[in-house]
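Q: Input model-v5.txt, format and content: compact mmCIF, C-alpha atoms and all ligand atoms.
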```
# COMPACT_ATOMS: atom_id res chain seq x y z
CA MET A 1 24.09 -15.39 8.87
CA THR A 2 21.66 -13.63 6.51
CA ILE A 3 18.09 -14.84 6.11
CA SER A 4 16.71 -14.62 2.57
CA LEU A 5 13.07 -13.96 1.74
CA SER A 6 12.79 -17.58 0.61
CA ARG A 7 14.02 -18.86 3.98
CA TYR A 8 11.71 -16.48 5.88
CA LEU A 9 8.74 -17.72 3.86
CA VAL A 10 9.72 -21.39 4.35
CA GLU A 11 9.86 -20.74 8.10
CA GLN A 12 6.43 -19.08 7.96
CA GLN A 13 5.15 -22.14 6.12
CA ARG A 14 6.95 -24.92 8.01
CA ALA A 15 7.52 -23.72 11.56
CA LYS A 16 4.50 -21.48 12.03
CA GLY A 17 2.03 -22.99 9.59
CA HIS A 18 1.06 -19.45 8.68
CA ILE A 19 1.10 -19.94 4.93
CA PRO A 20 0.56 -22.93 2.63
CA PRO A 21 3.08 -23.72 -0.16
CA SER A 22 0.89 -22.09 -2.83
CA LEU A 23 0.89 -18.75 -0.97
CA ARG A 24 4.63 -19.04 -0.43
CA LEU A 25 5.07 -19.50 -4.21
CA LEU A 26 2.79 -16.49 -4.88
CA LEU A 27 4.88 -14.24 -2.62
CA GLU A 28 8.18 -15.47 -4.13
CA VAL A 29 6.82 -14.69 -7.62
CA VAL A 30 5.60 -11.23 -6.59
CA ALA A 31 9.03 -10.48 -5.05
CA ARG A 32 10.74 -11.57 -8.27
CA ALA A 33 8.43 -9.28 -10.26
CA CYS A 34 9.35 -6.39 -7.94
CA LYS A 35 13.04 -7.05 -8.67
CA SER A 36 12.30 -6.71 -12.41
CA ILE A 37 10.34 -3.51 -11.82
CA SER A 38 13.17 -2.14 -9.68
CA HIS A 39 15.59 -2.87 -12.53
CA ALA A 40 13.40 -0.99 -15.04
CA VAL A 41 12.82 1.95 -12.65
CA ASN A 42 16.55 2.24 -11.92
CA LYS A 43 17.37 2.56 -15.64
CA GLY A 44 15.26 5.75 -15.86
CA GLU A 45 16.07 7.85 -18.90
CA LEU A 46 18.68 5.31 -20.04
CA GLY A 47 15.93 2.73 -20.47
CA GLY A 48 13.63 5.09 -22.34
CA VAL A 49 11.00 4.29 -19.71
CA LEU A 50 10.29 7.78 -18.37
CA GLY A 51 7.49 10.08 -19.38
CA SER A 52 3.86 9.57 -20.27
CA ALA A 53 2.40 6.70 -22.25
CA GLY A 54 -0.22 9.12 -23.54
CA ILE A 55 -3.25 7.05 -22.44
CA GLU A 56 -5.60 7.34 -19.46
CA ASN A 57 -6.34 4.59 -16.93
CA VAL A 58 -9.62 3.76 -15.22
CA GLN A 59 -8.81 6.44 -12.65
CA GLY A 60 -8.77 9.07 -15.40
CA GLU A 61 -5.04 9.57 -14.80
CA VAL A 62 -2.54 9.73 -17.66
CA GLN A 63 -0.48 6.54 -17.49
CA LYS A 64 3.30 6.71 -17.36
CA LYS A 65 5.29 4.25 -19.45
CA LEU A 66 6.56 2.67 -16.22
CA ASP A 67 2.98 2.23 -14.93
CA ILE A 68 2.27 0.01 -17.93
CA ILE A 69 5.62 -1.80 -17.78
CA ALA A 70 5.14 -2.58 -14.06
CA ASN A 71 1.60 -3.81 -14.67
CA GLU A 72 2.75 -6.13 -17.48
CA VAL A 73 5.64 -7.49 -15.38
CA LEU A 74 3.24 -8.44 -12.55
CA ILE A 75 0.71 -10.03 -14.92
CA GLU A 76 3.32 -12.07 -16.83
CA ALA A 77 5.11 -13.18 -13.66
CA ASN A 78 1.95 -14.40 -11.93
CA GLU A 79 -0.36 -15.83 -14.61
CA TRP A 80 1.37 -19.21 -15.23
CA GLY A 81 2.12 -20.39 -11.66
CA GLY A 82 -1.19 -22.07 -10.87
CA HIS A 83 -1.54 -20.16 -7.57
CA LEU A 84 -3.98 -17.49 -8.79
CA ALA A 85 -7.56 -17.42 -10.02
CA ALA A 86 -7.41 -13.78 -11.14
CA MET A 87 -5.71 -10.41 -10.67
CA ALA A 88 -6.91 -6.80 -10.29
CA SER A 89 -4.82 -3.69 -10.88
CA GLU A 90 -5.18 0.06 -10.53
CA GLU A 91 -4.13 0.18 -14.20
CA MET A 92 -6.87 -2.14 -15.53
CA ASP A 93 -10.62 -1.38 -15.71
CA SER A 94 -11.71 -4.95 -15.01
CA ILE A 95 -10.19 -8.04 -13.42
CA TYR A 96 -7.67 -10.19 -15.32
CA LEU A 97 -8.63 -13.88 -15.42
CA VAL A 98 -5.78 -16.41 -15.50
CA PRO A 99 -5.81 -17.73 -19.11
CA ASN A 100 -7.34 -21.19 -19.53
CA ARG A 101 -3.99 -22.58 -20.76
CA TYR A 102 -2.71 -22.26 -17.18
CA PRO A 103 -3.97 -24.03 -14.02
CA GLN A 104 -6.26 -21.95 -11.77
CA GLY A 105 -5.37 -21.36 -8.11
CA GLU A 106 -7.25 -20.28 -5.00
CA TYR A 107 -5.80 -16.78 -4.58
CA LEU A 108 -6.73 -13.33 -5.86
CA LEU A 109 -3.87 -10.83 -6.30
CA LEU A 110 -4.57 -7.09 -6.30
CA PHE A 111 -1.93 -4.43 -6.91
CA ASP A 112 -1.06 -0.86 -7.64
CA PRO A 113 1.88 -1.71 -9.89
CA LEU A 114 3.66 1.61 -9.51
CA ASP A 115 2.26 3.99 -6.92
CA GLY A 116 3.47 7.59 -6.81
CA SER A 117 3.73 7.92 -10.57
CA SER A 118 3.98 11.71 -10.36
CA ASN A 119 7.42 11.12 -8.84
CA ILE A 120 8.79 8.81 -11.54
CA ASP A 121 10.17 11.55 -13.82
CA VAL A 122 11.74 13.51 -10.93
CA ASN A 123 13.68 10.60 -9.42
CA VAL A 124 11.75 10.41 -6.13
CA SER A 125 10.90 7.08 -4.44
CA ILE A 126 7.93 5.12 -5.85
CA GLY A 127 6.64 1.63 -5.16
CA THR A 128 4.51 -1.42 -5.88
CA ILE A 129 1.66 -2.21 -3.44
CA PHE A 130 0.05 -5.67 -3.36
CA SER A 131 -2.74 -7.46 -1.50
CA VAL A 132 -3.72 -11.16 -1.49
CA LEU A 133 -7.23 -12.52 -0.87
CA LYS A 134 -8.60 -16.05 -1.08
CA LYS A 135 -11.18 -16.76 -3.73
CA PRO A 136 -14.50 -17.42 -1.93
CA GLU A 137 -15.30 -21.14 -1.57
CA GLY A 138 -17.71 -22.74 -3.96
CA SER A 139 -17.98 -19.93 -6.47
CA GLU A 140 -17.71 -21.42 -9.97
CA GLY A 141 -15.22 -19.39 -12.04
CA VAL A 142 -14.22 -15.98 -10.73
CA SER A 143 -15.78 -12.53 -11.12
CA GLU A 144 -15.24 -9.02 -9.80
CA LYS A 145 -17.57 -9.64 -6.86
CA ASP A 146 -15.16 -12.31 -5.55
CA PHE A 147 -12.66 -9.48 -5.01
CA LEU A 148 -15.08 -7.37 -2.97
CA GLN A 149 -13.94 -8.55 0.47
CA ALA A 150 -13.14 -6.40 3.52
CA GLY A 151 -9.43 -5.77 4.15
CA LYS A 152 -9.52 -7.96 7.26
CA GLN A 153 -9.88 -10.95 4.88
CA GLN A 154 -6.39 -10.43 3.41
CA VAL A 155 -3.99 -13.39 3.76
CA ALA A 156 -0.89 -11.41 2.73
CA ALA A 157 -0.07 -7.76 1.98
CA GLY A 158 3.01 -5.73 1.24
CA TYR A 159 4.85 -3.24 -0.88
CA CYS A 160 8.22 -2.79 -2.52
CA VAL A 161 9.70 0.72 -2.30
CA TYR A 162 12.11 1.72 -5.11
CA GLY A 163 14.25 4.31 -3.35
CA PRO A 164 17.91 4.60 -2.33
CA GLN A 165 17.39 0.94 -1.40
CA THR A 166 14.86 -1.43 -2.94
CA THR A 167 13.01 -2.79 0.11
CA LEU A 168 10.19 -5.35 0.22
CA VAL A 169 7.87 -5.03 3.25
CA LEU A 170 5.50 -7.92 3.96
CA THR A 171 2.99 -9.33 6.42
CA VAL A 172 1.24 -12.71 6.41
CA GLY A 173 -0.41 -11.95 9.75
CA ASP A 174 2.64 -12.65 11.91
CA GLY A 175 3.97 -9.09 12.22
CA VAL A 176 5.83 -7.05 9.60
CA ALA A 177 9.19 -7.98 8.06
CA MET A 178 11.44 -5.89 5.80
CA PHE A 179 13.82 -7.28 3.14
CA THR A 180 16.49 -5.23 1.40
CA LEU A 181 17.50 -6.18 -2.16
CA ASP A 182 21.12 -7.35 -2.34
CA ARG A 183 21.88 -6.46 -5.95
CA GLU A 184 25.08 -8.56 -6.06
CA GLN A 185 23.22 -11.72 -5.01
CA GLY A 186 19.96 -10.61 -6.66
CA SER A 187 18.04 -11.67 -3.55
CA PHE A 188 15.96 -9.97 -0.85
CA VAL A 189 17.65 -10.23 2.58
CA LEU A 190 15.80 -9.91 5.91
CA THR A 191 16.84 -6.57 7.47
CA HIS A 192 13.99 -5.89 9.93
CA GLU A 193 11.56 -8.25 11.70
CA ASN A 194 8.66 -7.51 14.06
CA VAL A 195 8.54 -3.87 12.94
CA ARG A 196 6.82 -1.64 15.56
CA ILE A 197 5.34 1.85 15.05
CA PRO A 198 5.71 4.13 18.13
CA GLU A 199 2.23 4.95 19.51
CA ASP A 200 3.07 8.69 19.65
CA THR A 201 4.79 10.90 17.10
CA LYS A 202 5.88 14.44 16.28
CA GLU A 203 5.62 14.07 12.51
CA PHE A 204 2.55 14.40 10.28
CA ALA A 205 2.18 13.78 6.54
CA ILE A 206 -0.57 15.56 4.60
CA ASN A 207 -0.76 17.68 1.43
CA MET A 208 -1.06 21.12 3.05
CA SER A 209 -2.07 22.79 -0.25
CA ASN A 210 -5.53 21.29 0.27
CA MET A 211 -6.02 22.95 3.68
CA ARG A 212 -8.89 25.25 2.62
CA HIS A 213 -10.82 22.19 1.37
CA TRP A 214 -10.57 20.09 4.54
CA ASP A 215 -13.35 19.20 6.95
CA ALA A 216 -13.28 20.97 10.35
CA PRO A 217 -11.84 18.03 12.40
CA VAL A 218 -8.87 17.68 10.03
CA ARG A 219 -8.34 21.45 10.14
CA ARG A 220 -8.46 21.35 13.97
CA TYR A 221 -5.94 18.50 14.20
CA ILE A 222 -3.41 20.11 11.84
CA ASP A 223 -3.87 23.60 13.38
CA GLU A 224 -3.04 22.12 16.81
CA CYS A 225 0.08 20.46 15.39
CA LEU A 226 1.13 23.80 13.82
CA GLN A 227 0.65 25.62 17.18
CA GLY A 228 3.43 23.40 18.54
CA LYS A 229 4.72 23.78 22.13
CA GLU A 230 2.60 26.88 22.78
CA GLY A 231 -0.57 25.10 21.66
CA PRO A 232 -2.78 22.36 23.16
CA ARG A 233 -0.39 19.60 22.05
CA GLY A 234 2.48 21.05 24.10
CA LYS A 235 5.09 19.87 21.58
CA ASP A 236 6.42 20.95 18.18
CA PHE A 237 5.62 18.85 15.10
CA ASN A 238 7.52 18.27 11.86
CA MET A 239 5.88 17.74 8.46
CA ARG A 240 6.72 15.43 5.55
CA TRP A 241 4.83 14.89 2.25
CA ILE A 242 6.55 12.81 -0.43
CA ALA A 243 3.35 12.41 -2.51
CA SER A 244 4.23 8.73 -2.81
CA MET A 245 2.16 6.70 -0.34
CA VAL A 246 4.69 3.85 -0.33
CA ALA A 247 7.52 6.20 0.71
CA ASP A 248 5.42 8.01 3.33
CA VAL A 249 4.16 4.73 4.82
CA HIS A 250 7.69 3.27 4.79
CA ARG A 251 8.92 6.25 6.84
CA ILE A 252 6.05 5.75 9.30
CA LEU A 253 6.76 2.00 9.65
CA THR A 254 10.42 2.88 10.21
CA ARG A 255 10.13 5.79 12.70
CA GLY A 256 6.45 6.52 13.37
CA GLY A 257 4.20 9.37 12.20
CA ILE A 258 0.68 9.95 10.93
CA PHE A 259 -0.33 9.91 7.24
CA MET A 260 -3.55 11.59 6.15
CA TYR A 261 -5.32 11.80 2.82
CA PRO A 262 -8.77 12.87 4.08
CA TRP A 263 -12.00 13.60 2.25
CA ASP A 264 -12.07 17.19 1.02
CA LYS A 265 -14.47 19.58 -0.68
CA ARG A 266 -12.73 19.52 -4.09
CA GLU A 267 -14.65 16.40 -5.19
CA PRO A 268 -17.27 16.02 -2.42
CA HIS A 269 -18.87 12.97 -4.07
CA LYS A 270 -15.61 11.02 -3.66
CA PRO A 271 -14.88 9.62 -0.15
CA GLY A 272 -11.16 10.31 -0.70
CA LYS A 273 -8.38 10.10 -3.28
CA LEU A 274 -6.72 6.80 -2.41
CA ARG A 275 -8.09 3.41 -3.49
CA LEU A 276 -9.42 1.01 -0.90
CA MET A 277 -8.63 -2.42 -2.38
CA TYR A 278 -5.01 -2.09 -3.48
CA GLU A 279 -3.68 0.93 -1.57
CA ALA A 280 -5.51 1.53 1.74
CA ASN A 281 -6.24 -2.12 2.64
CA PRO A 282 -2.70 -3.53 2.25
CA MET A 283 -1.14 -0.47 3.92
CA SER A 284 -3.69 -0.58 6.76
CA TRP A 285 -2.98 -4.25 7.51
CA LEU A 286 0.79 -3.61 7.54
CA VAL A 287 0.30 -0.62 9.88
CA GLU A 288 -1.95 -2.59 12.25
CA GLN A 289 0.44 -5.57 12.22
CA ALA A 290 3.16 -3.11 13.33
CA GLY A 291 1.05 -1.81 16.26
CA GLY A 292 -0.38 1.24 14.47
CA ALA A 293 -3.97 2.11 13.50
CA ALA A 294 -5.76 2.91 10.23
CA THR A 295 -9.21 4.48 9.84
CA ASN A 296 -11.16 6.45 7.24
CA ALA A 297 -11.51 9.06 10.03
CA LYS A 298 -14.68 7.29 11.19
CA GLN A 299 -14.12 3.51 11.12
CA ARG A 300 -11.34 0.93 10.86
CA ILE A 301 -10.38 0.67 7.19
CA LEU A 302 -10.03 -3.12 7.36
CA ASP A 303 -13.72 -3.41 8.35
CA ILE A 304 -15.00 -1.51 5.29
CA GLU A 305 -17.13 -3.74 3.03
CA PRO A 306 -16.20 -2.67 -0.53
CA GLY A 307 -18.90 -1.89 -3.10
CA GLN A 308 -16.66 -1.48 -6.15
CA LEU A 309 -13.21 -2.68 -7.19
CA HIS A 310 -11.76 0.80 -7.71
CA GLU A 311 -13.58 2.61 -4.94
CA ARG A 312 -11.74 5.35 -3.07
CA VAL A 313 -11.44 5.96 0.67
CA SER A 314 -10.29 8.61 3.12
CA VAL A 315 -7.09 7.47 4.89
CA VAL A 316 -5.72 8.29 8.36
CA LEU A 317 -3.00 5.83 9.41
CA GLY A 318 0.14 5.48 11.55
CA SER A 319 0.95 6.05 15.23
CA LYS A 320 -2.00 4.68 17.19
CA ASN A 321 -2.58 7.60 19.58
CA GLU A 322 -2.56 10.20 16.79
CA VAL A 323 -4.95 8.21 14.58
CA GLU A 324 -7.28 7.80 17.56
CA ARG A 325 -7.14 11.55 18.21
CA VAL A 326 -8.11 12.40 14.60
CA THR A 327 -10.89 9.81 14.66
CA ARG A 328 -12.13 11.22 18.00
CA TYR A 329 -12.21 14.77 16.59
CA HIS A 330 -14.42 13.47 13.77
CA SER A 331 -16.81 11.72 16.19
CA GLU A 332 -17.02 14.92 18.31
CA ASN A 333 -17.80 16.98 15.21
P1 LIG B 401 -1.26 14.48 -4.14
C1 LIG B 401 0.21 9.01 -5.78
O1 LIG B 401 -0.38 9.46 -6.96
C2 LIG B 401 -0.88 8.86 -4.73
O2 LIG B 401 -1.85 7.96 -5.17
C3 LIG B 401 -0.27 8.42 -3.41
O3 LIG B 401 0.84 7.60 -3.58
C4 LIG B 401 0.11 9.72 -2.73
O4 LIG B 401 0.09 9.66 -1.33
C5 LIG B 401 -0.97 10.68 -3.24
O5 LIG B 401 -1.48 10.13 -4.46
C6 LIG B 401 -0.40 12.07 -3.51
O6 LIG B 401 -1.51 12.89 -3.85
O7 LIG B 401 -2.67 15.04 -4.26
O8 LIG B 401 -0.52 15.03 -2.94
O9 LIG B 401 -0.45 14.55 -5.41
```
Give the structure from this file in structure tokens form.
A:
Amino acid sequence: MTISLSRYLVEQQRAKGHIPPSLRLLLEVVARACKSISHAVNKGELGGVLGSAGIENVQGEVQKKLDIIANEVLIEANEWGGHLAAMASEEMDSIYLVPNRYPQGEYLLLFDPLDGSSNIDVNVSIGTIFSVLKKPEGSEGVSEKDFLQAGKQQVAAGYCVYGPQTTLVLTVGDGVAMFTLDREQGSFVLTHENVRIPEDTKEFAINMSNMRHWDAPVRRYIDECLQGKEGPRGKDFNMRWIASMVADVHRILTRGGIFMYPWDKREPHKPGKLRLMYEANPMSWLVEQAGGAATNAKQRILDIEPGQLHERVSVVLGSKNEVERVTRYHSEN
């Protein structure tokens, strides 16, 4: 007997009291939007959706056509339901208020509509990352500062990876569940529950081309991995780098590993490349809910109090013992 996403969410609402009906509706709507995005991504060249849109986003990155399509799909799917007060996206400079013609809800939805854009045109896995916060009590209306909450305040987080399968991965604070899209039925079916990340690993993910720019503790950690059996780690390591955080994190949730996008000397004023609010925070909660760890090499990512909506952060996440080792090397430095 298969369990659909809808049934899983009803159970989370009814049996475990983990989520209220309005959050269940929000997650159903986000999942439906991900199905639409998957459909557009899968068309590729045939849908005329590849290539650049020729405009830059707030990150100073040239937007792909699919970045804009995915962003519009998520906005249009979520604005009318009455469950949201506002949305924030990697692709939009400022927050998006739910139009007055629709009822306002108590949730804030943040997303990177299509992460890994550099992979879109070369047919490598990409994904949508989303995070849900509650609008602070009592605040009249909604503004950007309502979004500036530490990651530990999230009430739901997840991603949808558009790869050989389209898989939605979700936590509402009761562990991590994975749902694979059944294209014949058009529904997400539960395929993994209570996902666990092994505490040790032999696989690291980092962009090695940046090696000369890394800080000493990162250099030490990777050098030891590269020394393999003959080195201080006493075992050989393998390396993966898909340059699509969703795909790299999905591999780690599925078989363990450590993912690192650390601070480096190329842009020393930036704490890292990845964004805190709609990349690092949702991924960190998923990883912790699966028994892993996530730090910025110094502190738990979910404890970081954000200062700006699009602020960046250094990311070290995955198998608990490896993350702790990297964090320890930084504290010893
Ligand atoms: P680099 C994709 O653009 C992204 O934001 C993450 O998904 C990915 O992990 C990282 O950047 C890749 O960065 O510098 O290796 O291209």
Q: Hey, what's within 8 Å of Val73 in chain A if we count all atoms listed in the file and toss same-chain stuff fewer than 2 positions away? As a PDB file with C-alpha atoms, in the frame of the given file, please?
A:
```pdb
ATOM      1  CA  ALA A  33       8.430  -9.280 -10.260  1.00  0.00           C
ATOM      2  CA  SER A  36      12.300  -6.710 -12.410  1.00  0.00           C
ATOM      3  CA  ILE A  37      10.340  -3.510 -11.820  1.00  0.00           C
ATOM      4  CA  ILE A  69       5.620  -1.800 -17.780  1.00  0.00           C
ATOM      5  CA  ALA A  70       5.140  -2.580 -14.060  1.00  0.00           C
ATOM      6  CA  ASN A  71       1.600  -3.810 -14.670  1.00  0.00           C
ATOM      7  CA  ILE A  75       0.710 -10.030 -14.920  1.00  0.00           C
ATOM      8  CA  GLU A  76       3.320 -12.070 -16.830  1.00  0.00           C
ATOM      9  CA  ALA A  77       5.110 -13.180 -13.660  1.00  0.00           C
TER      10      ALA A  77
END
```
Q: Quick one: everything within 12 Å of Thr254 in chain A, counting only C-alpha atoms, minus sequence neighbours fewer than 2 positions away in the same chain. Send it as a PyMOL selection string.
A: chain A and resi 167+169+176-178+191-198+201+247-252+256-257+286-287+290+292+318-319
Q: Give the padded box for ligand LIG 401 (chain B) as lines of an AutoDock Vina configuration file: axis-aligned, covering all atoms listed in the file, 3 Å on each side, centre and edge lengths in Å to one decimal.
A:
```
center_x = -0.9
center_y = 11.3
center_z = -4.1
size_x = 9.5
size_y = 13.4
size_z = 11.6
```
Q: Under the rule that only C-alpha atoms are counted, which of A:Arg325, A:His310, A:Arg275, A:Lys145 is the nearest residue to Ala297 in chain A?
A: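 The answer is A:Arg325, which sits nearest to Ala297 in chain A.
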Q: Quick check, in Å to one decimal: how far apart do CA of Asp174 in chain A and CA of Glu322 in chain A lie?
A: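 Those two atoms sit 23.9 Å apart.
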Q: What is the CA of Gln59 in chain A to CA of Glu90 in chain A distance in Å?
A: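 If I compute the distance from CA of Gln59 in chain A to CA of Glu90 in chain A, I get 7.6 Å.
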Q: What does the distance between CA of Trp241 in chain A and CA of Ser131 in chain A come to in Å, to one decimal place?
A: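 Those two atoms sit 23.9 Å apart.
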Q: Show me which residues line ligand LIG 401 (chain B), defined as having an atom within 6 Å of a ligand atom where only C-alpha atoms and all ligand atoms count, and present them as a PyMOL selection string.
A: chain A and resi 115-118+207+243-245+274
Q: Okay, now the selection with C-alpha atoms, as a compact mmCIF listing (two decimals), in the coordinates of the input?
A:
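New file again_4.txt:
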```txt
# COMPACT_ATOMS: atom_id res chain seq x y z
CA ASP A 115 2.26 3.99 -6.92
CA GLY A 116 3.47 7.59 -6.81
CA SER A 117 3.73 7.92 -10.57
CA SER A 118 3.98 11.71 -10.36
CA ASN A 207 -0.76 17.68 1.43
CA ALA A 243 3.35 12.41 -2.51
CA SER A 244 4.23 8.73 -2.81
CA MET A 245 2.16 6.70 -0.34
CA LEU A 274 -6.72 6.80 -2.41
```
Q: Which neighbours of Pro99 in chain A fall inside 9 Å, counting all atoms listed in the file, when residues of the same chain fewer than 4 positions from it are skipped, and could you give them as an mmCIF file with C-alpha atoms, in the frame of the given file?
A:
```cif
data_model
loop_
_atom_site.group_PDB
_atom_site.id
_atom_site.type_symbol
_atom_site.label_atom_id
_atom_site.label_comp_id
_atom_site.auth_asym_id
_atom_site.auth_seq_id
_atom_site.Cartn_x
_atom_site.Cartn_y
_atom_site.Cartn_z
ATOM 1 C CA GLU A 79 -0.360 -15.830 -14.610
ATOM 2 C CA TRP A 80 1.370 -19.210 -15.230
ATOM 3 C CA PRO A 103 -3.970 -24.030 -14.020
ATOM 4 C CA GLN A 104 -6.260 -21.950 -11.770
#
```
Q: I want to know what sits within 12 Å of Tyr102 in chain A, based on all atoms listed in the file, with residues of the same chain fewer than 6 positions away left out; could you give that as a list of chain:residue names?
A: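 Listed by chain and then number, they are A:Glu76, A:Asn78, A:Glu79, A:Trp80, A:Gly81, A:Gly82, A:His83, A:Leu84, A:Ala85, A:Ala86.
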Q: Can you find the residues with an atom no farther than 12 Å from (-10.6, 24.8, 4.2), counting all atoms listed in the file, and report them as a PyMOL selection string?
A: chain A and resi 208-220+222-223+263-266
Q: Is it possible to get the residues within 12 Å of (7.6, 1.0, -14.3) (coordinates as in the file, counting only C-alpha atoms) written as a ChimeraX atom specification?
A: /A:33-45,47-53,63-74,91,112-121,126-128,162
Q: Tell me which of A:Gly291, A:Gly105, A:Pro271, A:Gly141 sits closest to Val313 in chain A, counting all atoms listed in the file.
A: A:Pro271
Q: Neighbours of Leu168 in chain A within 6 Å (all atoms listed in the file; same-chain residues fewer than 5 positions away dropped), as a list of chain:residue names?
A: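 Counting all atoms listed in the file, the residues come to A:Tyr159, A:Cys160, A:Met178, A:Phe179.
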Q: Can you work out which one of A:Ala150, A:Ala293, A:Leu26, A:Leu317 has the shortest atom-to-atom distance to Glu305 in chain A, counting all atoms listed in the file?
A: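 Smallest distance to Glu305 in chain A is found for A:Ala150.
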Q: Since the input lacks some atoms of range 115-126 of chain A, please model N, CA, C and O atoms and print them as a compact mmCIF listing (two decimals), in the coordinates of the input.
A:
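The new file rebuild.txt reads:
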```txt
# COMPACT_ATOMS: atom_id res chain seq x y z
N ASP A 115 2.95 2.89 -7.60
CA ASP A 115 2.26 3.99 -6.92
C ASP A 115 3.21 5.17 -6.76
O ASP A 115 4.40 4.99 -6.51
N GLY A 116 2.64 6.38 -6.96
CA GLY A 116 3.47 7.59 -6.81
C GLY A 116 3.99 8.05 -8.15
O GLY A 116 5.02 8.71 -8.26
N SER A 117 3.25 7.68 -9.20
CA SER A 117 3.73 7.92 -10.57
C SER A 117 4.20 9.35 -10.81
O SER A 117 5.12 9.57 -11.59
N SER A 118 3.58 10.31 -10.10
CA SER A 118 3.98 11.71 -10.36
C SER A 118 5.45 11.92 -10.00
O SER A 118 6.08 12.89 -10.39
N ASN A 119 6.02 10.97 -9.26
CA ASN A 119 7.42 11.12 -8.84
C ASN A 119 8.41 10.44 -9.77
O ASN A 119 9.62 10.61 -9.63
N ILE A 120 7.89 9.63 -10.71
CA ILE A 120 8.79 8.81 -11.54
C ILE A 120 9.80 9.69 -12.27
O ILE A 120 11.00 9.48 -12.21
N ASP A 121 9.29 10.76 -12.93
CA ASP A 121 10.17 11.55 -13.82
C ASP A 121 11.09 12.49 -13.05
O ASP A 121 11.96 13.12 -13.65
N VAL A 122 10.87 12.61 -11.70
CA VAL A 122 11.74 13.51 -10.93
C VAL A 122 12.59 12.74 -9.93
O VAL A 122 13.10 13.30 -8.96
N ASN A 123 12.73 11.44 -10.18
CA ASN A 123 13.68 10.60 -9.42
C ASN A 123 13.42 10.57 -7.92
O ASN A 123 14.35 10.63 -7.11
N VAL A 124 12.12 10.53 -7.55
CA VAL A 124 11.75 10.41 -6.13
C VAL A 124 11.15 9.01 -5.92
O VAL A 124 10.57 8.44 -6.85
N SER A 125 11.32 8.46 -4.72
CA SER A 125 10.90 7.08 -4.44
C SER A 125 9.47 6.80 -4.88
O SER A 125 8.57 7.63 -4.68
N ILE A 126 9.26 5.61 -5.46
CA ILE A 126 7.93 5.12 -5.85
C ILE A 126 7.87 3.67 -5.40
O ILE A 126 8.81 3.15 -4.81
```
